[in-house]
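Data block for query_39.txt (compact mmCIF, C-alpha atoms):
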```
# COMPACT_ATOMS: atom_id res chain seq x y z
CA MET G 292 -47.75 -20.80 0.16
CA SER G 293 -44.02 -20.07 0.27
CA TYR G 294 -41.40 -22.72 -0.44
CA THR G 295 -39.95 -24.35 2.72
CA VAL G 296 -36.19 -24.84 2.87
CA SER G 297 -34.24 -27.08 5.21
CA ALA G 298 -31.35 -25.94 7.41
CA LYS G 299 -29.13 -28.34 5.43
CA GLU G 300 -29.96 -26.55 2.16
CA VAL G 301 -29.28 -23.15 3.74
CA ALA G 302 -25.94 -24.36 5.10
CA LYS G 303 -24.98 -25.78 1.69
CA LEU G 304 -25.73 -22.47 -0.07
CA ARG G 305 -23.82 -20.58 2.61
CA ASN G 306 -20.77 -22.82 2.08
CA ILE G 307 -20.93 -22.22 -1.67
CA THR G 308 -21.39 -18.43 -1.55
CA GLY G 309 -20.22 -17.24 1.86
CA ALA G 310 -23.45 -15.23 2.19
CA GLY G 311 -25.28 -14.86 5.52
CA MET G 312 -27.70 -17.55 6.69
CA MET G 313 -30.82 -15.34 6.39
CA ASP G 314 -29.78 -14.12 2.92
CA CYS G 315 -29.29 -17.74 1.82
CA LYS G 316 -32.66 -18.77 3.23
CA LYS G 317 -34.48 -15.89 1.49
CA ALA G 318 -32.72 -16.65 -1.81
CA LEU G 319 -33.63 -20.35 -1.65
CA VAL G 320 -37.26 -19.53 -0.82
CA GLU G 321 -37.40 -17.09 -3.74
CA ALA G 322 -35.76 -19.65 -6.03
CA GLU G 323 -38.02 -22.43 -4.73
CA GLY G 324 -35.05 -24.62 -3.90
CA ASP G 325 -33.17 -24.13 -7.20
CA PHE G 326 -29.53 -23.65 -6.12
CA ASP G 327 -28.32 -22.10 -9.39
CA LYS G 328 -31.17 -19.60 -9.31
CA ALA G 329 -30.52 -18.87 -5.61
CA ILE G 330 -26.85 -18.18 -6.36
CA GLU G 331 -27.90 -15.82 -9.15
CA ILE G 332 -30.27 -14.00 -6.75
CA LEU G 333 -27.42 -13.56 -4.26
CA ARG G 334 -25.14 -12.27 -7.03
CA LYS G 335 -27.73 -9.71 -8.05
CA LYS G 336 -28.03 -8.64 -4.43
CA GLY G 337 -24.25 -8.18 -4.42
CA GLN G 338 -24.46 -6.00 -7.52
CA LYS G 339 -27.15 -3.89 -5.88
CA VAL G 340 -25.03 -3.43 -2.73
CA ALA G 341 -21.98 -2.65 -4.89
CA ALA G 342 -23.91 0.00 -6.82
CA ASN G 343 -25.14 1.58 -3.58
CA ARG G 344 -21.60 1.73 -2.16
CA ALA G 345 -19.70 2.61 -5.35
CA ASP G 346 -18.67 6.04 -4.05
CA ARG G 347 -17.37 4.72 -0.71
CA GLU G 348 -13.62 4.82 0.03
CA THR G 349 -11.73 1.59 0.71
CA THR G 350 -9.07 2.95 3.06
CA GLU G 351 -8.78 -0.28 5.06
CA GLY G 352 -8.00 -3.81 3.91
CA ALA G 353 -5.45 -6.59 3.81
CA VAL G 354 -2.12 -6.46 1.97
CA ILE G 355 -0.87 -9.92 0.97
CA ALA G 356 2.37 -11.07 -0.67
CA ALA G 357 2.51 -14.46 -2.38
CA VAL G 358 5.37 -16.31 -4.08
CA SER G 359 5.19 -19.05 -6.74
CA SER G 360 6.13 -22.60 -5.80
CA ASP G 361 9.42 -22.33 -7.72
CA ASN G 362 10.25 -18.98 -6.07
CA THR G 363 10.69 -17.16 -9.39
CA LYS G 364 7.66 -14.84 -9.17
CA GLY G 365 6.13 -12.75 -6.43
CA VAL G 366 2.97 -10.70 -6.22
CA ILE G 367 1.51 -8.16 -3.82
CA ILE G 368 -2.19 -7.46 -3.83
CA ALA G 369 -4.18 -5.18 -1.55
CA LEU G 370 -7.80 -6.14 -1.01
CA GLY G 371 -9.44 -2.91 0.10
CA CYS G 372 -12.52 -2.54 2.27
CA GLU G 373 -14.23 0.26 4.19
CA THR G 374 -13.61 -0.62 7.85
CA ASP G 375 -10.87 -2.07 10.02
CA PHE G 376 -13.45 -4.42 11.53
CA VAL G 377 -13.85 -6.21 8.17
CA ALA G 378 -10.11 -6.00 7.38
CA LYS G 379 -9.26 -7.96 10.55
CA ASN G 380 -11.84 -10.68 9.90
CA GLU G 381 -10.19 -14.07 9.29
CA ASP G 382 -12.47 -14.87 6.35
CA PHE G 383 -11.56 -11.56 4.69
CA VAL G 384 -7.82 -12.19 5.12
CA SER G 385 -8.27 -15.74 3.78
CA MET G 386 -10.08 -14.34 0.75
CA ALA G 387 -7.28 -11.82 0.17
CA THR G 388 -4.72 -14.66 0.38
CA LYS G 389 -6.72 -16.71 -2.11
CA PHE G 390 -6.79 -13.72 -4.49
CA ALA G 391 -3.01 -13.25 -4.09
CA ASN G 392 -2.24 -16.89 -4.89
CA HIS G 393 -4.52 -16.71 -7.94
CA ALA G 394 -2.85 -13.43 -9.00
CA LEU G 395 0.48 -15.25 -9.42
CA ASN G 396 -0.84 -16.55 -12.75
CA PHE G 397 -1.16 -13.05 -14.25
CA ASP G 398 1.06 -10.11 -15.14
CA SER G 399 -1.54 -7.34 -15.16
CA LYS G 400 -4.39 -6.27 -12.93
CA GLU G 401 -6.75 -6.23 -15.93
CA ALA G 402 -6.03 -9.86 -16.85
CA PHE G 403 -6.36 -10.87 -13.20
CA LEU G 404 -9.75 -9.15 -12.76
CA GLN G 405 -11.15 -10.82 -15.90
CA SER G 406 -9.82 -14.29 -15.04
CA ASP G 407 -12.02 -17.17 -13.90
CA MET G 408 -12.25 -17.92 -10.18
CA ASP G 409 -14.84 -20.30 -8.72
CA GLY G 410 -16.91 -20.19 -11.92
CA MET G 411 -16.98 -16.40 -12.24
CA SER G 412 -14.50 -13.62 -13.00
CA VAL G 413 -12.51 -12.07 -10.15
CA GLU G 414 -14.39 -8.84 -10.84
CA GLU G 415 -17.72 -10.66 -10.37
CA LYS G 416 -16.35 -12.35 -7.25
CA LEU G 417 -15.58 -8.93 -5.77
CA THR G 418 -19.13 -7.78 -6.51
CA GLU G 419 -20.55 -10.96 -4.99
CA GLN G 420 -18.48 -10.55 -1.83
CA THR G 421 -19.49 -6.90 -1.57
CA GLY G 422 -23.05 -8.22 -1.22
CA VAL G 423 -21.95 -10.84 1.32
CA ILE G 424 -19.91 -8.44 3.47
CA GLY G 425 -22.04 -5.33 3.01
CA GLU G 426 -19.01 -3.13 2.32
CA LYS G 427 -17.36 -2.05 -0.89
CA ILE G 428 -14.32 -4.23 -1.58
CA GLN G 429 -11.84 -3.87 -4.43
CA ILE G 430 -8.30 -4.71 -5.53
CA SER G 431 -6.50 -1.54 -4.45
CA SER G 432 -3.07 -2.62 -5.67
CA PHE G 433 -1.61 -5.31 -7.94
CA GLN G 434 2.18 -5.64 -8.38
CA THR G 435 4.37 -8.48 -9.66
CA LEU G 436 8.09 -9.21 -9.65
CA GLU G 437 10.12 -11.93 -11.36
CA ALA G 438 13.70 -12.96 -10.53
CA PRO G 439 15.91 -16.07 -10.26
CA PHE G 440 14.80 -16.22 -6.62
CA VAL G 441 11.93 -14.33 -4.97
CA GLY G 442 11.06 -14.07 -1.28
CA SER G 443 8.46 -12.09 0.64
CA TYR G 444 7.32 -10.73 3.98
CA ILE G 445 3.91 -9.73 5.37
CA HIS G 446 3.96 -7.54 8.44
CA ASN G 447 1.68 -8.46 11.36
CA GLY G 448 -1.79 -7.09 10.79
CA ASN G 449 -1.55 -7.40 6.99
CA LYS G 450 -1.09 -3.65 6.46
CA ILE G 451 2.38 -3.84 4.83
CA ALA G 452 3.85 -6.46 2.50
CA SER G 453 7.07 -6.63 0.52
CA VAL G 454 8.72 -8.83 -2.09
CA VAL G 455 12.43 -9.03 -2.98
CA GLY G 456 14.16 -10.58 -5.99
CA LEU G 457 17.68 -12.06 -5.80
CA SER G 458 20.07 -12.67 -8.69
CA GLU G 459 20.43 -16.39 -7.94
CA ALA G 460 18.96 -19.27 -5.95
CA PHE G 461 21.10 -20.93 -3.26
CA SER G 462 20.73 -22.92 -0.04
CA ASN G 463 19.68 -20.10 2.32
CA ALA G 464 18.17 -17.79 -0.31
CA ASP G 465 14.74 -18.03 1.35
CA GLU G 466 16.03 -16.66 4.66
CA LEU G 467 18.06 -13.94 2.95
CA ALA G 468 15.18 -12.81 0.74
CA LYS G 469 12.80 -12.73 3.73
CA ASN G 470 15.25 -10.67 5.79
CA ILE G 471 15.71 -8.15 2.98
CA SER G 472 11.92 -8.07 2.52
CA MET G 473 11.62 -7.19 6.21
CA GLN G 474 14.14 -4.39 5.63
CA VAL G 475 12.03 -3.05 2.75
CA ALA G 476 8.85 -3.22 4.85
CA ALA G 477 10.44 -1.46 7.83
CA MET G 478 12.62 1.17 6.14
CA ASN G 479 10.62 1.94 2.97
CA PRO G 480 13.54 2.74 0.62
CA ILE G 481 12.78 5.03 -2.33
CA ALA G 482 15.04 3.08 -4.72
CA LEU G 483 17.37 0.08 -4.94
CA ASP G 484 20.55 2.17 -5.15
CA GLU G 485 21.64 5.73 -5.98
CA SER G 486 21.57 5.09 -9.74
CA ALA G 487 17.86 4.23 -9.51
CA VAL G 488 16.88 7.47 -7.74
CA ASP G 489 14.89 9.82 -9.95
CA GLN G 490 16.95 12.84 -11.05
CA GLU G 491 14.13 15.16 -9.99
CA ILE G 492 14.45 13.87 -6.41
CA ILE G 493 18.24 14.32 -6.50
CA ASP G 494 17.93 17.91 -7.75
CA LYS G 495 15.35 18.67 -5.07
CA GLU G 496 17.54 17.24 -2.28
CA ILE G 497 20.57 19.23 -3.48
CA GLU G 498 18.51 22.44 -3.55
CA ILE G 499 17.13 21.77 -0.04
CA ALA G 500 20.65 21.12 1.26
CA LYS G 501 22.00 24.30 -0.33
CA GLU G 502 19.18 26.41 1.11
CA GLN G 503 19.84 25.00 4.59
CA LEU G 504 23.54 25.79 4.21
CA ARG G 505 22.78 29.36 3.09
CA GLN G 506 20.65 29.85 6.18
CA GLU G 507 23.58 28.61 8.25
CA GLY G 508 25.73 31.32 6.65
CA LYS G 509 28.00 29.01 4.62
CA PRO G 510 29.86 30.70 1.71
CA GLU G 511 28.27 30.15 -1.74
CA ALA G 512 31.53 28.68 -3.09
CA MET G 513 31.36 25.83 -0.55
CA LEU G 514 27.74 24.89 -1.12
CA ASP G 515 28.22 22.37 -3.94
CA ASN G 516 30.75 20.21 -2.08
CA ILE G 517 28.86 20.23 1.22
CA ALA G 518 25.56 19.54 -0.57
CA LYS G 519 27.14 16.48 -2.24
CA GLY G 520 28.03 15.16 1.21
CA LYS G 521 24.45 15.65 2.36
CA LEU G 522 23.25 13.90 -0.80
CA ASN G 523 25.44 10.88 -0.01
CA LYS G 524 23.85 10.76 3.45
CA PHE G 525 20.42 10.90 1.78
CA PHE G 526 21.37 7.91 -0.44
CA LYS G 527 22.60 5.98 2.60
CA GLU G 528 19.33 6.51 4.44
CA ASN G 529 16.94 6.04 1.53
CA THR G 530 18.35 3.50 -0.96
CA LEU G 531 18.00 -0.17 -0.10
CA VAL G 532 21.54 -1.48 -0.63
CA ASN G 533 23.08 1.49 1.20
CA GLN G 534 20.74 1.51 4.19
CA GLU G 535 21.94 0.21 7.53
CA TYR G 536 20.73 -3.37 7.87
CA ILE G 537 18.06 -3.38 10.59
CA MET G 538 19.14 -6.73 12.07
CA GLY G 539 22.87 -6.13 11.82
CA GLU G 540 25.37 -4.01 13.72
CA LYS G 541 26.84 -1.08 11.78
CA GLN G 542 26.42 -3.06 8.59
CA SER G 543 24.83 -1.96 5.32
CA VAL G 544 22.36 -4.15 3.43
CA SER G 545 24.99 -4.57 0.72
CA GLU G 546 27.54 -5.79 3.28
CA TYR G 547 24.98 -8.17 4.77
CA LEU G 548 24.31 -9.60 1.30
CA ASN G 549 28.00 -10.19 0.56
CA GLU G 550 28.51 -11.79 3.94
CA ALA G 551 25.54 -14.12 3.46
CA LYS G 552 26.37 -15.07 -0.14
CA ASN G 553 29.27 -13.53 -2.03
CA GLY G 554 28.27 -12.13 -5.41
CA VAL G 555 24.49 -12.18 -4.89
CA ASN G 556 22.58 -9.03 -5.83
CA ILE G 557 19.09 -7.66 -5.31
CA THR G 558 17.42 -7.46 -8.72
CA GLY G 559 14.36 -5.55 -7.54
CA TYR G 560 11.74 -5.18 -4.83
CA LEU G 561 8.09 -4.33 -4.25
CA ARG G 562 6.42 -2.76 -1.23
CA TYR G 563 2.84 -1.75 -0.52
CA SER G 564 1.44 -0.17 2.60
CA LEU G 565 -2.08 0.87 3.58
```

Will you turn the file into structure tokens for me?
Amino acid sequence: MSYTVSAKEVAKLRNITGAGMMDCKKALVEAEGDFDKAIEILRKKGQKVAANRADRETTEGAVIAAVSSDNTKGVIIALGCETDFVAKNEDFVSMATKFANHALNFDSKEAFLQSDMDGMSVEEKLTEQTGVIGEKIQISSFQTLEAPFVGSYIHNGNKIASVVGLSEAFSNADELAKNISMQVAAMNPIALDESAVDQEIIDKEIEIAKEQLRQEGKPEAMLDNIAKGKLNKFFKENTLVNQEYIMGEKQSVSEYLNEAKNGVNITGYLRYSL
């Protein structure tokens, strides 16, 4: 005769694990009412599902930015899954947010994955939730940034998130950092300023510009000077401080910063997009 479980016991196990009602009932029956054993059964089921889906691609998910309570550290994590249906689920987004807030305590993805969360490591939690959801889930990205003041922005739909560091904290730093984070999310700069652009990219842009000019029939002697002008345009369009500020009128990000708070600088930024 099989063990009989009450609806209250099933609901309690579901609240603890997040697993489906039928899975919880089966686990409790198998464990004969022993909650610890039932949780272990559900974990093993998660491992089995994870093994079966190990080769699946997690091209969907939720990208979450979180900032510490003192605004000196920011983190972006991407919790990847297989389908957009799961990615849009409120429970999935809440789980991703919980992971992001926990990630603020760590400086590397490895330390984060091995850290304790709800009585198990984050890595084990991912395996458990793979069993609950029925899709492969994983931490697709883990990035951190520290600065005297850090702000963030998450674009609607949780597909893009950004974090910006400022050189000092001041009364409206939160608004300023959020606005610059929105700029980063929308315009996807390749670097903070021209000095931070990789030389390989600069060389490539100069060569592209020269080749275009040759095709236009420009004399070889003029190519260097004209190419430099094109390179400056490239810096203006692709480096954060030189870009046109998206919420201003004919104003660069640098000019917006100086207008908002004289002397403040951007110390760095993060951006991740699915």

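These residues, each with an atom at most 12 Å from (23.3, 8.4, 1.5) using only C-alpha atoms, are G:Pro480, G:Ile481, G:Ala482, G:Asp484, G:Glu485, G:Ser486, G:Val488, G:Ile493, G:Glu496, G:Ala518, G:Lys519, G:Gly520, G:Lys521, G:Leu522, G:Asn523, G:Lys524, G:Phe525, G:Phe526, G:Lys527, G:Glu528, G:Asn529, G:Thr530, G:Leu531, G:Val532, G:Asn533, G:Gln534, G:Glu535, G:Ser543.
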
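Going from CA of Leu319 (chain G) over to CA of Ser406 (chain G), you cover 28.0 Å.
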
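For the pair CA of Ile355 (chain G) and CA of Tyr444 (chain G), the interatomic distance is 8.8 Å.
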
### Query
What does the distance between CA of Ala318 (chain G) and CA of Val377 (chain G) come to in Å, to one decimal place?
23.8 Å

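Distances from G:Ala369, G:Val354, G:Val301, G:Ala387 to Ile445 (chain G) were compared using only C-alpha atoms, and the smallest one belongs to G:Val354.
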
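With all atoms listed in the file as the atoms that count, the residue of G:Ile497, G:Val455, G:Asp407, G:Glu351 with the shortest distance to Ile428 (chain G) is G:Glu351.
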
### Message
Excluding Ile557 (chain G) and its own-chain neighbours fewer than 6 positions away, which residues fall within 7 Å of it when counting only C-alpha atoms? Please give them as a count of residues only.
### Response
3

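For the set G:Glu437, G:Asp398, G:Asn362, G:Arg334, the residue with the smallest atom-to-atom gap to Met411 (chain G) is G:Arg334, counting all atoms listed in the file.
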
Excluding Ile332 (chain G) and any residue of its chain fewer than 2 positions from it, enumerate the residues within 10 Å of it, using only C-alpha atoms, and give them as a compact mmCIF listing (two decimals) with C-alpha atoms, keeping the file's coordinate frame.
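New file out14.txt:
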```txt
# COMPACT_ATOMS: atom_id res chain seq x y z
CA ASP G 314 -29.78 -14.12 2.92
CA CYS G 315 -29.29 -17.74 1.82
CA LYS G 317 -34.48 -15.89 1.49
CA ALA G 318 -32.72 -16.65 -1.81
CA LEU G 319 -33.63 -20.35 -1.65
CA GLU G 321 -37.40 -17.09 -3.74
CA ALA G 322 -35.76 -19.65 -6.03
CA PHE G 326 -29.53 -23.65 -6.12
CA ASP G 327 -28.32 -22.10 -9.39
CA LYS G 328 -31.17 -19.60 -9.31
CA ALA G 329 -30.52 -18.87 -5.61
CA ILE G 330 -26.85 -18.18 -6.36
CA ARG G 334 -25.14 -12.27 -7.03
CA LYS G 335 -27.73 -9.71 -8.05
CA LYS G 336 -28.03 -8.64 -4.43
CA GLY G 337 -24.25 -8.18 -4.42
CA GLN G 338 -24.46 -6.00 -7.52
```

### Task
Please return, as JSON, numbers by chain, all polymer residues that have at least one atom within 12 Å of the point (-2.5, -18.8, -8.2); use all atoms listed in the file and the file's own coordinate frame.
{"G": [356, 357, 358, 359, 360, 364, 365, 366, 387, 388, 389, 390, 391, 392, 393, 394, 395, 396, 397, 398, 403, 406, 407, 408]}

### Message
So, with only C-alpha atoms as the atoms that count, which of G:Leu333, G:Gln490, G:Met478, G:Lys509 lies closest to Arg305 (chain G)?
### Response
G:Leu333

Restricted to all heavy atoms, what does region 425-437 of chain G look like when written out as an mmCIF file, in the first residue's frame?
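File selection_35.cif, as written:
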```
data_model
loop_
_atom_site.group_PDB
_atom_site.id
_atom_site.type_symbol
_atom_site.label_atom_id
_atom_site.label_comp_id
_atom_site.auth_asym_id
_atom_site.auth_seq_id
_atom_site.Cartn_x
_atom_site.Cartn_y
_atom_site.Cartn_z
ATOM 1 N N GLY G 425 12.108 22.154 -16.496
ATOM 2 C CA GLY G 425 12.121 21.233 -17.630
ATOM 3 C C GLY G 425 12.926 21.746 -18.800
ATOM 4 O O GLY G 425 12.860 21.207 -19.905
ATOM 5 N N GLU G 426 13.682 22.820 -18.586
ATOM 6 C CA GLU G 426 14.581 23.371 -19.605
ATOM 7 C C GLU G 426 15.961 23.560 -18.995
ATOM 8 O O GLU G 426 16.086 23.783 -17.785
ATOM 9 C CB GLU G 426 14.097 24.750 -20.090
ATOM 10 C CG GLU G 426 12.936 24.706 -21.028
ATOM 11 C CD GLU G 426 12.690 26.053 -21.699
ATOM 12 O OE1 GLU G 426 13.532 26.988 -21.608
ATOM 13 O OE2 GLU G 426 11.645 26.175 -22.326
ATOM 14 N N LYS G 427 16.970 23.490 -19.833
ATOM 15 C CA LYS G 427 18.315 23.792 -19.369
ATOM 16 C C LYS G 427 18.381 25.264 -18.983
ATOM 17 O O LYS G 427 17.962 26.136 -19.746
ATOM 18 C CB LYS G 427 19.334 23.500 -20.480
ATOM 19 C CG LYS G 427 20.773 23.833 -20.108
ATOM 20 C CD LYS G 427 21.704 23.540 -21.272
ATOM 21 C CE LYS G 427 23.138 23.923 -20.950
ATOM 22 N NZ LYS G 427 24.043 23.653 -22.081
ATOM 23 N N ILE G 428 18.893 25.549 -17.794
ATOM 24 C CA ILE G 428 19.140 26.941 -17.405
ATOM 25 C C ILE G 428 20.576 27.053 -16.913
ATOM 26 O O ILE G 428 21.123 26.118 -16.332
ATOM 27 C CB ILE G 428 18.149 27.455 -16.337
ATOM 28 C CG1 ILE G 428 18.289 26.688 -15.020
ATOM 29 C CG2 ILE G 428 16.722 27.405 -16.837
ATOM 30 C CD1 ILE G 428 17.546 27.338 -13.873
ATOM 31 N N GLN G 429 21.199 28.193 -17.174
ATOM 32 C CA GLN G 429 22.578 28.403 -16.752
ATOM 33 C C GLN G 429 22.877 29.896 -16.651
ATOM 34 O O GLN G 429 22.144 30.726 -17.191
ATOM 35 C CB GLN G 429 23.546 27.762 -17.756
ATOM 36 C CG GLN G 429 23.503 28.364 -19.136
ATOM 37 C CD GLN G 429 24.493 27.708 -20.097
ATOM 38 O OE1 GLN G 429 25.121 26.712 -19.781
ATOM 39 N NE2 GLN G 429 24.629 28.283 -21.279
ATOM 40 N N ILE G 430 23.961 30.226 -15.942
ATOM 41 C CA ILE G 430 24.423 31.608 -15.875
ATOM 42 C C ILE G 430 25.241 31.864 -17.139
ATOM 43 O O ILE G 430 26.357 31.384 -17.284
ATOM 44 C CB ILE G 430 25.271 31.867 -14.608
ATOM 45 C CG1 ILE G 430 24.470 31.543 -13.338
ATOM 46 C CG2 ILE G 430 25.763 33.313 -14.579
ATOM 47 C CD1 ILE G 430 23.224 32.382 -13.136
ATOM 48 N N SER G 431 24.656 32.610 -18.070
ATOM 49 C CA SER G 431 25.293 32.857 -19.364
ATOM 50 C C SER G 431 26.350 33.957 -19.289
ATOM 51 O O SER G 431 27.279 33.989 -20.091
ATOM 52 C CB SER G 431 24.248 33.249 -20.408
ATOM 53 O OG SER G 431 23.204 32.311 -20.446
ATOM 54 N N SER G 432 26.165 34.871 -18.349
ATOM 55 C CA SER G 432 27.119 35.976 -18.206
ATOM 56 C C SER G 432 27.174 36.427 -16.759
ATOM 57 O O SER G 432 26.169 36.394 -16.047
ATOM 58 C CB SER G 432 26.719 37.154 -19.105
ATOM 59 O OG SER G 432 27.646 38.225 -18.983
ATOM 60 N N PHE G 433 28.365 36.840 -16.323
ATOM 61 C CA PHE G 433 28.570 37.346 -14.962
ATOM 62 C C PHE G 433 29.612 38.460 -15.058
ATOM 63 O O PHE G 433 30.754 38.219 -15.450
ATOM 64 C CB PHE G 433 29.070 36.218 -14.057
ATOM 65 C CG PHE G 433 29.385 36.652 -12.639
ATOM 66 C CD1 PHE G 433 28.474 36.442 -11.619
ATOM 67 C CD2 PHE G 433 30.596 37.257 -12.330
ATOM 68 C CE1 PHE G 433 28.768 36.827 -10.311
ATOM 69 C CE2 PHE G 433 30.904 37.653 -11.031
ATOM 70 C CZ PHE G 433 29.972 37.434 -10.017
ATOM 71 N N GLN G 434 29.213 39.700 -14.772
ATOM 72 C CA GLN G 434 30.126 40.843 -14.846
ATOM 73 C C GLN G 434 29.933 41.731 -13.619
ATOM 74 O O GLN G 434 28.802 41.927 -13.176
ATOM 75 C CB GLN G 434 29.840 41.706 -16.090
ATOM 76 C CG GLN G 434 29.849 40.989 -17.417
ATOM 77 C CD GLN G 434 29.452 41.933 -18.537
ATOM 78 O OE1 GLN G 434 30.170 42.864 -18.887
ATOM 79 N NE2 GLN G 434 28.275 41.716 -19.098
ATOM 80 N N THR G 435 31.025 42.279 -13.104
ATOM 81 C CA THR G 435 30.920 43.193 -11.959
ATOM 82 C C THR G 435 31.682 44.486 -12.222
ATOM 83 O O THR G 435 32.615 44.524 -13.035
ATOM 84 C CB THR G 435 31.469 42.557 -10.664
ATOM 85 O OG1 THR G 435 32.874 42.315 -10.820
ATOM 86 C CG2 THR G 435 30.757 41.254 -10.346
ATOM 87 N N LEU G 436 31.267 45.540 -11.541
ATOM 88 C CA LEU G 436 31.911 46.850 -11.667
ATOM 89 C C LEU G 436 31.863 47.551 -10.316
ATOM 90 O O LEU G 436 30.822 47.572 -9.662
ATOM 91 C CB LEU G 436 31.184 47.704 -12.717
ATOM 92 C CG LEU G 436 31.692 49.128 -12.915
ATOM 93 C CD1 LEU G 436 33.017 49.117 -13.685
ATOM 94 C CD2 LEU G 436 30.664 49.972 -13.672
ATOM 95 N N GLU G 437 33.009 48.127 -9.918
ATOM 96 C CA GLU G 437 33.066 48.910 -8.687
ATOM 97 C C GLU G 437 33.480 50.343 -8.997
ATOM 98 O O GLU G 437 34.304 50.577 -9.890
ATOM 99 C CB GLU G 437 34.043 48.269 -7.696
ATOM 100 C CG GLU G 437 33.576 46.917 -7.185
ATOM 101 C CD GLU G 437 34.469 46.349 -6.097
ATOM 102 O OE1 GLU G 437 34.665 47.046 -5.086
ATOM 103 O OE2 GLU G 437 34.958 45.216 -6.266
#
```
